[in-house]
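Data block for protein_16.txt (compact mmCIF, C-alpha atoms and all ligand atoms):
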```
# COMPACT_ATOMS: atom_id res chain seq x y z
CA VAL W 1403 12.36 -26.89 -75.54
CA ALA W 1404 12.34 -29.90 -73.25
CA GLU W 1405 8.89 -31.24 -72.44
CA LYS W 1406 8.22 -31.31 -68.71
CA THR W 1407 7.09 -34.75 -67.68
CA PRO W 1408 4.66 -34.70 -64.75
CA ARG W 1409 6.11 -36.31 -61.64
CA ALA W 1410 3.76 -38.73 -59.93
CA VAL W 1411 3.29 -38.45 -56.18
CA GLY W 1412 0.80 -41.23 -55.61
CA GLY W 1413 -2.76 -42.06 -56.61
CA ASN W 1414 -3.69 -39.63 -59.36
CA TRP W 1415 -1.70 -36.76 -57.81
CA GLU W 1416 1.12 -35.10 -59.69
CA ALA W 1417 3.80 -33.12 -57.90
CA GLU W 1418 2.88 -29.78 -59.55
CA GLN W 1419 -0.79 -30.22 -58.76
CA LEU W 1420 -0.02 -31.01 -55.11
CA GLU W 1421 2.43 -28.11 -54.90
CA ALA W 1422 -0.24 -25.75 -56.29
CA LYS W 1423 -2.69 -26.90 -53.64
CA LEU W 1424 -0.15 -26.60 -50.83
CA SER W 1425 0.97 -23.14 -51.83
CA ARG W 1426 -2.66 -21.95 -51.93
CA ARG W 1427 -3.36 -23.36 -48.48
CA VAL W 1428 -0.15 -22.68 -46.57
CA HIS W 1429 1.30 -19.61 -48.24
CA ALA W 1430 1.02 -17.50 -45.09
CA VAL W 1431 4.04 -19.16 -43.55
CA ALA W 1432 7.01 -18.19 -45.63
CA GLY W 1433 9.50 -20.93 -46.29
CA ALA W 1434 12.19 -19.29 -44.21
CA TYR W 1435 10.05 -19.57 -41.10
CA TRP W 1436 10.08 -23.33 -40.94
CA GLY W 1437 13.46 -23.73 -42.51
CA ALA W 1438 12.12 -24.84 -45.89
CA GLY W 1439 15.77 -24.12 -46.41
CA ALA W 1440 16.19 -27.89 -46.21
CA ARG W 1441 16.00 -27.95 -49.97
CA GLN W 1442 18.31 -24.99 -50.52
CA GLU W 1443 22.08 -24.68 -50.44
CA PRO W 1444 23.47 -25.33 -46.96
CA PRO W 1445 24.53 -22.03 -45.35
CA PRO W 1446 28.28 -21.23 -45.59
CA VAL W 1447 28.51 -20.72 -41.81
CA PRO W 1448 26.30 -22.73 -39.43
CA PRO W 1449 23.85 -20.08 -38.29
CA ILE W 1450 23.25 -19.00 -34.73
CA MET W 1451 19.49 -19.35 -34.40
CA LEU W 1452 17.56 -16.24 -33.46
CA ALA W 1453 14.59 -17.47 -35.45
CA GLY W 1454 12.21 -19.66 -33.43
CA GLY W 1455 10.28 -18.93 -30.25
CA VAL W 1456 11.71 -21.98 -28.52
CA PRO W 1457 12.63 -22.34 -24.82
CA ASP W 1458 16.20 -22.36 -23.56
CA PRO W 1459 17.40 -25.94 -24.21
CA ALA W 1460 19.84 -25.99 -21.28
CA SER W 1461 17.08 -25.37 -18.76
CA LEU W 1462 14.62 -28.05 -19.84
CA PRO W 1463 13.76 -29.95 -16.60
CA ILE W 1464 14.70 -33.34 -17.98
CA ASP W 1465 15.50 -35.11 -14.69
CA ASP W 1466 12.21 -34.06 -13.14
CA LEU W 1467 10.27 -35.09 -16.24
CA VAL W 1468 12.00 -38.49 -16.24
CA ALA W 1469 11.08 -39.03 -12.59
CA VAL W 1470 7.47 -37.87 -12.97
CA SER W 1471 7.04 -39.78 -16.20
CA GLU W 1472 8.25 -43.01 -14.62
CA ARG W 1473 5.97 -42.52 -11.60
CA VAL W 1474 2.98 -41.86 -13.86
CA LEU W 1475 3.63 -44.85 -16.07
CA ARG W 1476 4.12 -47.25 -13.16
CA ARG W 1477 1.08 -45.99 -11.32
CA GLU W 1478 -1.41 -45.43 -14.13
CA GLY W 1479 0.26 -46.92 -17.20
CA PRO W 1480 -2.82 -48.49 -18.82
CA GLU W 1481 -4.76 -45.20 -18.60
CA ALA W 1482 -1.77 -43.15 -19.74
CA LEU W 1483 -1.29 -45.39 -22.77
CA ARG W 1484 -4.78 -45.62 -24.17
CA TYR W 1485 -7.03 -43.17 -26.00
CA GLY W 1486 -7.78 -40.30 -23.68
CA GLY W 1487 -10.81 -38.71 -25.32
CA PRO W 1488 -11.13 -35.43 -27.23
CA GLN W 1489 -11.58 -33.06 -24.27
CA GLY W 1490 -8.45 -34.20 -22.50
CA PHE W 1491 -7.47 -35.58 -19.10
CA LEU W 1492 -9.87 -34.51 -16.33
CA GLY W 1493 -7.03 -34.07 -13.82
CA LEU W 1494 -5.27 -31.56 -16.06
CA ARG W 1495 -8.49 -29.65 -16.71
CA GLU W 1496 -9.10 -29.53 -12.95
CA TRP W 1497 -5.61 -28.17 -12.42
CA LEU W 1498 -6.21 -25.52 -15.12
CA ALA W 1499 -9.47 -24.49 -13.44
CA ALA W 1500 -7.68 -24.12 -10.09
CA ASP W 1501 -4.91 -22.18 -11.84
CA ALA W 1502 -7.46 -19.79 -13.40
CA HIS W 1503 -8.77 -19.18 -9.88
CA ARG W 1504 -5.29 -18.47 -8.55
CA ARG W 1505 -4.56 -16.06 -11.40
CA GLU W 1506 -7.81 -14.19 -11.83
CA GLU W 1507 -10.18 -15.55 -9.19
CA LEU W 1508 -12.27 -17.10 -11.93
CA SER W 1509 -14.76 -19.72 -10.75
CA LEU W 1510 -14.41 -22.32 -13.46
CA GLY W 1511 -14.57 -26.08 -13.61
CA PRO W 1512 -12.96 -28.70 -15.84
CA GLU W 1513 -15.90 -28.28 -18.23
CA HIS W 1514 -14.52 -24.87 -19.20
CA PHE W 1515 -11.33 -26.36 -20.66
CA THR W 1516 -10.34 -28.56 -23.55
CA ILE W 1517 -6.80 -29.87 -23.98
CA THR W 1518 -5.23 -29.48 -27.41
CA ASN W 1519 -2.03 -30.36 -29.24
CA GLY W 1520 -0.33 -27.13 -28.26
CA ALA W 1521 -1.70 -23.66 -28.87
CA ALA W 1522 -1.41 -24.56 -32.56
CA GLY W 1523 -3.94 -27.37 -32.04
CA ALA W 1524 -6.18 -24.95 -30.14
CA LEU W 1525 -6.08 -22.52 -33.06
CA ALA W 1526 -6.84 -25.25 -35.56
CA ASN W 1527 -9.78 -26.47 -33.48
CA LEU W 1528 -11.13 -22.92 -33.06
CA CYS W 1529 -10.74 -22.07 -36.74
CA ASP W 1530 -12.38 -25.34 -37.83
CA THR W 1531 -15.27 -24.61 -35.53
CA PHE W 1532 -15.82 -20.92 -36.15
CA LEU W 1533 -14.60 -20.15 -39.67
CA ASP W 1534 -16.32 -21.02 -42.91
CA PRO W 1535 -14.97 -20.32 -46.40
CA GLY W 1536 -15.16 -16.61 -47.16
CA ASP W 1537 -15.46 -15.55 -43.51
CA VAL W 1538 -13.38 -12.66 -42.24
CA ALA W 1539 -10.96 -13.09 -39.33
CA ILE W 1540 -9.24 -10.03 -37.88
CA VAL W 1541 -5.67 -10.21 -36.64
CA GLU W 1542 -3.18 -7.73 -35.28
CA ALA W 1543 -0.67 -6.56 -37.86
CA PRO W 1544 1.92 -7.91 -37.27
CA THR W 1545 0.71 -11.24 -35.89
CA TYR W 1546 1.72 -14.88 -35.36
CA PRO W 1547 2.06 -16.38 -38.87
CA GLY W 1548 0.79 -19.78 -37.75
CA ALA W 1549 -2.57 -18.21 -36.90
CA MET W 1550 -2.93 -16.68 -40.36
CA ARG W 1551 -1.96 -19.93 -41.97
CA THR W 1552 -4.57 -21.83 -39.96
CA MET W 1553 -7.30 -19.30 -40.77
CA ARG W 1554 -6.44 -19.37 -44.45
CA SER W 1555 -6.44 -23.12 -44.55
CA CYS W 1556 -10.15 -22.79 -43.58
CA HIS W 1557 -10.46 -20.48 -46.62
CA ALA W 1558 -11.11 -17.44 -44.44
CA GLU W 1559 -10.00 -13.95 -45.37
CA VAL W 1560 -7.49 -12.50 -42.91
CA LEU W 1561 -7.59 -8.74 -42.26
CA GLY W 1562 -4.91 -6.96 -40.25
CA VAL W 1563 -5.44 -4.06 -37.84
CA PRO W 1564 -2.19 -2.24 -37.10
CA ILE W 1565 -0.65 -2.35 -33.68
CA GLY W 1566 -0.48 1.36 -33.07
CA ASP W 1567 2.21 1.71 -30.44
CA ALA W 1568 3.72 0.22 -27.31
CA ASP W 1569 0.23 -0.16 -25.77
CA GLY W 1570 -0.77 -2.74 -28.38
CA LEU W 1571 -3.65 -2.98 -30.82
CA ALA W 1572 -5.20 0.46 -31.41
CA PRO W 1573 -8.96 0.35 -30.63
CA GLU W 1574 -9.62 3.26 -33.04
CA ALA W 1575 -8.14 1.26 -35.90
CA LEU W 1576 -10.14 -1.81 -34.87
CA GLU W 1577 -13.32 0.26 -34.74
CA LYS W 1578 -12.62 1.68 -38.20
CA CYS W 1579 -12.14 -1.82 -39.57
CA LEU W 1580 -15.32 -3.12 -37.90
CA GLU W 1581 -17.37 -0.15 -39.14
CA GLN W 1582 -16.04 -0.59 -42.65
CA LEU W 1583 -16.96 -4.28 -42.64
CA ARG W 1584 -20.41 -3.45 -41.31
CA ARG W 1585 -20.95 -0.97 -44.17
CA GLU W 1586 -19.95 -3.72 -46.58
CA GLY W 1587 -22.47 -6.03 -44.93
CA ARG W 1588 -19.75 -8.41 -43.72
CA ARG W 1589 -19.48 -9.75 -40.21
CA PRO W 1590 -16.05 -10.79 -39.01
CA LYS W 1591 -16.20 -14.04 -37.10
CA LEU W 1592 -13.31 -13.53 -34.75
CA LEU W 1593 -10.53 -11.27 -33.55
CA TYR W 1594 -7.24 -13.06 -32.85
CA THR W 1595 -5.08 -11.13 -30.39
CA MET W 1596 -2.04 -11.59 -28.18
CA ALA W 1597 -2.41 -9.04 -25.41
CA ASN W 1598 0.69 -10.14 -23.46
CA PHE W 1599 4.17 -9.88 -25.00
CA GLN W 1600 2.82 -10.02 -28.50
CA ASN W 1601 4.52 -12.24 -31.07
CA PRO W 1602 6.34 -10.66 -32.87
CA ALA W 1603 6.03 -7.04 -31.71
CA GLY W 1604 6.67 -7.72 -28.00
CA VAL W 1605 4.06 -5.16 -26.89
CA THR W 1606 1.54 -5.63 -24.07
CA MET W 1607 -1.94 -4.20 -24.43
CA SER W 1608 -2.88 -1.70 -21.72
CA LEU W 1609 -5.86 -2.40 -19.45
CA GLU W 1610 -7.78 0.50 -20.91
CA ARG W 1611 -7.35 -0.83 -24.43
CA ARG W 1612 -8.35 -4.34 -23.38
CA ARG W 1613 -11.58 -2.89 -22.01
CA GLU W 1614 -12.20 -0.93 -25.20
CA VAL W 1615 -11.53 -4.00 -27.36
CA VAL W 1616 -13.97 -6.08 -25.29
CA GLU W 1617 -16.61 -3.36 -25.65
CA LEU W 1618 -16.09 -3.01 -29.40
CA CYS W 1619 -16.21 -6.75 -29.98
CA ARG W 1620 -19.33 -7.04 -27.88
CA ARG W 1621 -21.01 -4.27 -29.92
CA HIS W 1622 -20.05 -5.92 -33.19
CA ASP W 1623 -20.59 -9.53 -32.06
CA VAL W 1624 -17.03 -10.61 -32.71
CA LEU W 1625 -15.55 -13.54 -30.77
CA ILE W 1626 -12.23 -12.62 -29.13
CA VAL W 1627 -9.58 -15.34 -29.37
CA GLU W 1628 -6.78 -14.42 -26.98
CA ASP W 1629 -3.56 -16.38 -27.51
CA ASP W 1630 -1.62 -16.11 -24.26
CA ALA W 1631 1.32 -18.31 -25.22
CA TYR W 1632 3.87 -15.97 -23.60
CA GLY W 1633 1.88 -14.52 -20.67
CA ASP W 1634 3.91 -16.34 -17.99
CA ILE W 1635 7.28 -15.19 -19.31
CA ARG W 1636 6.95 -11.87 -17.50
CA PHE W 1637 10.01 -9.79 -16.56
CA GLU W 1638 8.35 -6.61 -15.37
CA GLY W 1639 4.96 -5.23 -14.48
CA GLU W 1640 1.78 -6.72 -13.09
CA ALA W 1641 -0.30 -9.31 -14.92
CA LEU W 1642 -3.34 -7.66 -16.52
CA PRO W 1643 -6.74 -9.35 -16.78
CA SER W 1644 -7.46 -11.68 -19.67
CA PHE W 1645 -10.16 -10.84 -22.21
CA PHE W 1646 -12.08 -13.84 -20.87
CA ALA W 1647 -12.15 -12.27 -17.40
CA LEU W 1648 -12.95 -8.77 -18.70
CA ALA W 1649 -15.77 -10.12 -20.84
CA GLY W 1650 -17.27 -12.06 -17.92
CA GLY W 1651 -16.52 -15.33 -19.69
CA GLN W 1652 -18.76 -14.60 -22.68
CA GLY W 1653 -17.58 -13.76 -26.16
CA ALA W 1654 -13.90 -14.34 -25.40
CA VAL W 1655 -11.76 -17.46 -25.23
CA ARG W 1656 -8.22 -17.85 -23.99
CA ILE W 1657 -5.61 -20.14 -25.51
CA GLY W 1658 -2.76 -21.35 -23.33
CA THR W 1659 0.19 -23.68 -23.84
CA PHE W 1660 2.93 -25.49 -21.91
CA SER W 1661 5.26 -24.99 -24.89
CA LYS W 1662 6.94 -21.78 -23.77
CA THR W 1663 7.05 -22.34 -20.01
CA LEU W 1664 7.99 -26.01 -20.18
CA ALA W 1665 8.70 -27.70 -23.53
CA THR W 1666 7.43 -27.43 -27.10
CA GLY W 1667 7.77 -31.18 -27.61
CA LEU W 1668 5.00 -31.97 -25.14
CA ARG W 1669 2.48 -30.61 -27.66
CA LEU W 1670 0.12 -29.57 -24.90
CA GLY W 1671 -2.08 -26.52 -24.93
CA TRP W 1672 -5.66 -25.72 -24.05
CA VAL W 1673 -8.66 -23.51 -24.65
CA MET W 1674 -10.48 -21.87 -21.75
CA ALA W 1675 -14.00 -20.90 -22.79
CA ASP W 1676 -17.64 -20.79 -21.90
CA GLN W 1677 -19.07 -24.31 -21.82
CA PRO W 1678 -21.09 -24.16 -25.08
CA ILE W 1679 -17.89 -23.18 -26.89
CA VAL W 1680 -15.89 -25.98 -25.26
CA ASP W 1681 -18.64 -28.44 -26.20
CA ALA W 1682 -18.54 -27.24 -29.82
CA LEU W 1683 -14.74 -27.52 -29.96
CA VAL W 1684 -14.85 -31.05 -28.59
CA ARG W 1685 -17.56 -32.07 -31.06
CA MET W 1686 -15.70 -30.58 -34.01
CA ARG W 1687 -12.43 -32.34 -33.26
CA PHE W 1688 -11.50 -35.77 -34.47
CA ASP W 1689 -7.96 -36.88 -33.75
CA MET W 1690 -8.68 -39.13 -30.75
CA GLY W 1691 -7.47 -36.42 -28.38
CA SER W 1692 -4.05 -35.29 -27.20
CA SER W 1693 -1.73 -37.96 -25.85
CA PRO W 1694 -2.82 -38.95 -22.30
CA TRP W 1695 0.73 -39.76 -21.19
CA PRO W 1696 2.20 -36.25 -21.34
CA GLN W 1697 -1.10 -34.85 -20.06
CA ARG W 1698 -0.80 -36.97 -16.95
CA VAL W 1699 2.89 -36.17 -16.59
CA VAL W 1700 2.24 -32.44 -16.80
CA THR W 1701 -0.66 -32.71 -14.36
CA GLU W 1702 1.58 -34.34 -11.77
CA TYR W 1703 4.46 -31.97 -12.56
CA ALA W 1704 2.21 -28.92 -12.18
CA SER W 1705 0.20 -30.15 -9.16
CA SER W 1706 3.34 -30.91 -7.16
CA GLY W 1707 4.54 -27.33 -7.57
CA LEU W 1708 7.39 -28.18 -9.94
CA LEU W 1709 5.98 -26.13 -12.83
CA ALA W 1710 5.70 -22.95 -10.76
CA GLU W 1711 9.24 -23.54 -9.48
CA HIS W 1712 10.50 -24.07 -13.03
CA VAL W 1713 8.86 -20.87 -14.27
CA ARG W 1714 10.42 -18.98 -11.33
CA GLU W 1715 13.80 -20.33 -12.44
CA VAL W 1716 13.56 -19.73 -16.19
CA VAL W 1717 12.03 -16.25 -16.25
CA PRO W 1718 15.26 -14.66 -14.90
CA ILE W 1719 17.21 -16.58 -17.57
CA TYR W 1720 15.06 -15.05 -20.32
CA ARG W 1721 15.32 -11.62 -18.70
CA ARG W 1722 19.13 -11.92 -18.72
CA LYS W 1723 19.08 -13.03 -22.35
CA ARG W 1724 16.83 -10.15 -23.32
CA ASP W 1725 19.16 -7.73 -21.57
CA ALA W 1726 22.23 -9.29 -23.16
CA MET W 1727 20.66 -8.98 -26.59
CA LEU W 1728 19.64 -5.37 -25.93
CA ALA W 1729 23.15 -4.46 -24.79
CA ALA W 1730 24.72 -6.11 -27.83
CA LEU W 1731 22.22 -4.45 -30.19
CA ASP W 1732 22.96 -1.06 -28.64
CA GLU W 1733 26.61 -1.62 -29.34
CA ARG W 1734 26.44 -3.21 -32.81
CA CYS W 1735 23.16 -2.31 -34.49
CA ASN W 1736 21.88 1.01 -33.23
CA ARG W 1737 22.82 2.83 -36.44
CA PHE W 1738 20.82 0.38 -38.49
CA ALA W 1739 17.59 -0.26 -36.60
CA ARG W 1740 15.34 0.80 -33.73
CA TRP W 1741 13.43 -1.33 -31.21
CA ASP W 1742 11.35 -1.15 -28.04
CA VAL W 1743 12.04 -3.11 -24.87
CA PRO W 1744 9.50 -5.92 -24.32
CA ARG W 1745 8.46 -6.59 -20.71
CA GLY W 1746 8.29 -10.32 -21.31
CA GLY W 1747 8.13 -13.04 -23.93
CA PHE W 1748 10.81 -14.33 -26.27
CA PHE W 1749 11.26 -11.66 -28.96
CA LEU W 1750 12.72 -8.33 -29.99
CA TRP W 1751 11.13 -6.61 -32.98
CA LEU W 1752 13.48 -4.41 -34.99
CA GLU W 1753 12.52 -1.72 -37.47
CA LEU W 1754 15.33 -1.33 -39.97
CA SER W 1755 16.59 2.16 -40.84
CA GLU W 1756 15.80 3.52 -44.29
CA GLY W 1757 19.37 2.90 -45.37
CA VAL W 1758 19.28 -0.87 -44.75
CA ASP W 1759 18.15 -3.03 -47.66
CA PRO W 1760 16.15 -5.96 -46.17
CA ALA W 1761 16.84 -8.31 -49.09
CA ILE W 1762 20.59 -7.73 -48.94
CA LEU W 1763 20.42 -8.08 -45.17
CA ALA W 1764 18.82 -11.52 -45.50
CA GLN W 1765 21.61 -12.70 -47.79
CA ALA W 1766 24.36 -11.12 -45.72
CA ALA W 1767 22.96 -12.61 -42.49
CA ALA W 1768 22.97 -16.09 -44.06
CA GLN W 1769 26.59 -15.58 -45.10
CA GLU W 1770 27.61 -14.21 -41.68
CA GLY W 1771 25.82 -17.09 -39.93
CA VAL W 1772 22.84 -15.66 -38.07
CA ALA W 1773 19.19 -16.62 -38.60
CA TYR W 1774 16.19 -14.39 -37.85
CA VAL W 1775 12.67 -14.12 -39.28
CA GLY W 1776 11.97 -11.38 -41.82
CA GLY W 1777 9.02 -9.06 -41.11
CA ARG W 1778 6.85 -9.88 -44.12
CA THR W 1779 5.94 -13.25 -42.66
CA PHE W 1780 4.00 -11.52 -39.90
CA PHE W 1781 1.71 -9.24 -41.92
CA PRO W 1782 -1.46 -10.47 -43.62
CA ASP W 1783 -0.83 -8.23 -46.63
CA GLY W 1784 2.83 -9.22 -46.96
CA SER W 1785 4.06 -5.74 -45.97
CA GLY W 1786 6.58 -5.33 -43.16
CA ALA W 1787 9.78 -5.89 -45.14
CA ARG W 1788 11.44 -3.24 -42.98
CA TYR W 1789 11.09 -5.34 -39.82
CA ILE W 1790 12.91 -8.36 -38.47
CA ARG W 1791 12.14 -10.54 -35.45
CA LEU W 1792 14.90 -11.78 -33.18
CA ALA W 1793 14.30 -14.49 -30.58
CA TYR W 1794 16.58 -14.36 -27.53
CA SER W 1795 15.01 -17.43 -25.90
CA PHE W 1796 16.88 -20.25 -27.61
CA VAL W 1797 20.41 -18.97 -28.18
CA ALA W 1798 22.94 -19.70 -25.42
CA GLU W 1799 23.84 -16.64 -23.37
CA ALA W 1800 27.48 -17.23 -24.22
CA GLU W 1801 26.68 -16.94 -27.94
CA MET W 1802 24.52 -13.83 -27.75
CA ALA W 1803 27.32 -11.32 -28.32
CA GLU W 1804 28.61 -13.29 -31.32
CA ALA W 1805 25.09 -13.60 -32.79
CA VAL W 1806 24.53 -9.85 -32.64
CA LEU W 1807 28.06 -9.14 -33.86
CA ARG W 1808 27.25 -11.20 -36.98
CA LEU W 1809 23.93 -9.40 -37.37
CA GLY W 1810 25.67 -6.03 -37.05
CA ARG W 1811 28.17 -7.04 -39.75
CA ALA W 1812 25.31 -8.11 -42.00
CA MET W 1813 23.53 -4.79 -41.40
CA GLU W 1814 26.68 -2.89 -42.23
CA ARG W 1815 26.90 -4.78 -45.53
CA ALA W 1816 23.22 -4.11 -46.28
CA SER W 1817 23.52 -0.40 -45.62
CA ARG W 1818 23.76 2.60 -47.83
CA GLY W 1819 22.83 6.27 -47.53
CA PRO W 1820 23.29 8.84 -44.77
CA SER W 1821 21.27 7.09 -42.02
CA ALA W 1822 23.75 4.22 -42.06
CA GLN W 1823 26.91 6.28 -42.24
C1 LIG W 1901 1.65 -16.80 -30.38
C2 LIG W 1901 1.85 -18.24 -30.55
N1 LIG W 1901 0.79 -19.04 -30.56
C3 LIG W 1901 0.91 -20.36 -30.72
C4 LIG W 1901 2.14 -20.94 -30.90
C5 LIG W 1901 2.23 -22.43 -31.07
O1 LIG W 1901 2.59 -22.97 -29.86
P1 LIG W 1901 2.40 -24.50 -29.47
O2 LIG W 1901 3.75 -25.09 -29.41
O3 LIG W 1901 1.74 -24.44 -28.12
O4 LIG W 1901 1.52 -25.13 -30.47
C6 LIG W 1901 3.28 -20.15 -30.91
C7 LIG W 1901 4.60 -20.76 -31.13
O5 LIG W 1901 5.55 -20.15 -31.52
C8 LIG W 1901 3.13 -18.77 -30.74
O6 LIG W 1901 4.18 -17.95 -30.76
```
Can you present the structure in this file as structure tokens?
Ligand SMILES: Cc1ncc(COP(=O)(O)O)c(C=O)c1O
Amino acid sequence: VAEKTPRAVGGNWEAEQLEAKLSRRVHAVAGAYWGAGARQEPPPVPPIMLAGGVPDPASLPIDDLVAVSERVLRREGPEALRYGGPQGFLGLREWLAADAHRREELSLGPEHFTITNGAAGALANLCDTFLDPGDVAIVEAPTYPGAMRTMRSCHAEVLGVPIGDADGLAPEALEKCLEQLRREGRRPKLLYTMANFQNPAGVTMSLERRREVVELCRRHDVLIVEDDAYGDIRFEGEALPSFFALAGGQGAVRIGTFSKTLATGLRLGWVMADQPIVDALVRMRFDMGSSPWPQRVVTEYASSGLLAEHVREVVPIYRRKRDAMLAALDERCNRFARWDVPRGGFFLWLELSEGVDPAILAQAAAQEGVAYVGGRTFFPDGSGARYIRLAYSFVAEAEMAEAVLRLGRAMERASRGPSAQ
């Protein structure tokens, strides 16, 4: 038997030791999600990507961003190019406060906001601040894998409460979970929820349920962390109040981001919260703040009305893509899966029929050339193998039919039994 020689990484770290640490800390995000595939065999057919929640590349407002960026650099270059401070650019926080007033008539000031490196940075800052090792964090099941990963990297325990139906997180199930924890003498520190166009399930929580969740969390002293990454990608229906608004600004924070409405590469998000929470987040953080340049560019872009105009232009594009995907799924995949129609956001969430083997489907999809995210990634207990998430945001409209044709062929190959006949 060949002796395994330890491979050095640097310092006194060996590769196996580092790998063991990484897999303990980041196991919530399955390799497939971030394309850890880099180290695997290249796929036989270049895949059409239905995997990531990424904006439509053809509609990125590049010319406008070039113009605004140049204006900002010429006018305020020295300020845009030096450290900006951990709370973020005042002008952007003022714009966010005005925006919160326009949306929900909230009377907030720049002190109620902190700018982060995307919603991901907001989550990291919140988890660092509010989670200690061994704490419990409650998430919806399914949920955004990045949130679980961030919570676990703070050594917190992540518990899932099932999303009951098309109205979102079921308050009865949340209550049961909270009561159970109380009996065990454990106090969950936060509830992480996406009330609008949930990632991955696509559901939107009804107003009544939002109220019940606020009440429950107030009774049990649980901080609500609402991640509203997709709230502005709305195809139908009226905007419902945020948890922050329903809770009167206490006991609930809202995370926002420019990633989905504008561009993921900006790395700009924020937290809207009561001032003591913002102060704590700012104190906890040490990365010298988000980059002032894009913050100033986005401030000018948003204040001049270009952001609102851009959102008005892209939402119909996503609605068309959603509808194109739904039509193609109806034609190619309806024997193999079921799904609900989301009223906004970037995703369709498919429940595979009994007859479809998810593991064979994953292999067949790779061979056919279509990439999606398997359901297990989204559940804290690793269940959910019977689900897959499809993003319609990134794929070109012209490729949608082909993408779903490939998926349908893969499903056919992964099928057996009467439900797939
Ligand atoms: C629900 C949710 N939250 C946060 C993020 C991270 O977004 P950002 O690019 O703003 O960090 C994503 C990205 O996919 C997301 O889907």
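Distances here use only C-alpha atoms; by that measure, the residue among W:Thr1606, W:Asn1519, W:Gln1489, W:Ser1706 closest to Thr1666 (chain W) is W:Asn1519.
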* To do: Compute the set of protein, DNA and RNA residues whose minimum atom distance to ligand LIG 1901 (chain W) is at most 6 Å, using all atoms listed in the file, and state it as a PyMOL selection string.
  => chain W and resi 1455+1520-1522+1546+1601+1629+1631+1659+1661+1666+1669+1671
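Nearest to Asp1537 (chain W) of all the residues W:Ala1761, W:Leu1494, W:Ala1649, W:Leu1592 is W:Leu1592, based on all atoms listed in the file.
Across W:Glu1640, W:Val1538, W:Glu1496, W:Ala1460, the tightest approach to Ser1509 (chain W) is made by W:Glu1496 when counting all atoms listed in the file.
Comparing the minimum interatomic distances between His1712 (chain W) and each of W:Gln1652, W:Ser1692, W:Ser1461, W:Thr1545, counting only C-alpha atoms, we find that W:Ser1461 sits nearest.
Closest approach to Ala1568 (chain W) from the set W:Arg1611, W:Arg1588, W:Arg1473, W:Arg1409 is made by W:Arg1611, with distances taken over all atoms listed in the file.
Considering only C-alpha atoms, the residue among W:Pro1457, W:Gly1771, W:Gly1511, W:Gly1490 positioned nearest to Leu1683 (chain W) is W:Gly1490.
Pairwise distance (CA of Thr1595 (chain W), CA of Ala1682 (chain W)) equals 21.0 Å.
By chain and then residue number, the residues within 8 Å of Ile1790 (chain W) are Trp1751, Leu1752, Glu1753, Leu1754, Tyr1774, Val1775, Gly1776 and Gly1777 of chain W, counting all atoms listed in the file and disregarding those fewer than 5 positions away in sequence.
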What's around Gly1786 (chain W) at 8 Å? Count all atoms listed in the file, leave out sequence neighbours fewer than 6 positions away in its own chain, and write the answer as a PDB file with C-alpha atoms, in the frame of the given file.
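Final file, out-v8.pdb:
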```
ATOM      1  CA  PRO W1544       1.920  -7.910 -37.270  1.00  0.00           C
ATOM      2  CA  GLY W1777       9.020  -9.060 -41.110  1.00  0.00           C
ATOM      3  CA  ARG W1778       6.850  -9.880 -44.120  1.00  0.00           C
ATOM      4  CA  THR W1779       5.940 -13.250 -42.660  1.00  0.00           C
ATOM      5  CA  PHE W1780       4.000 -11.520 -39.900  1.00  0.00           C
TER       6      PHE W1780
END
```
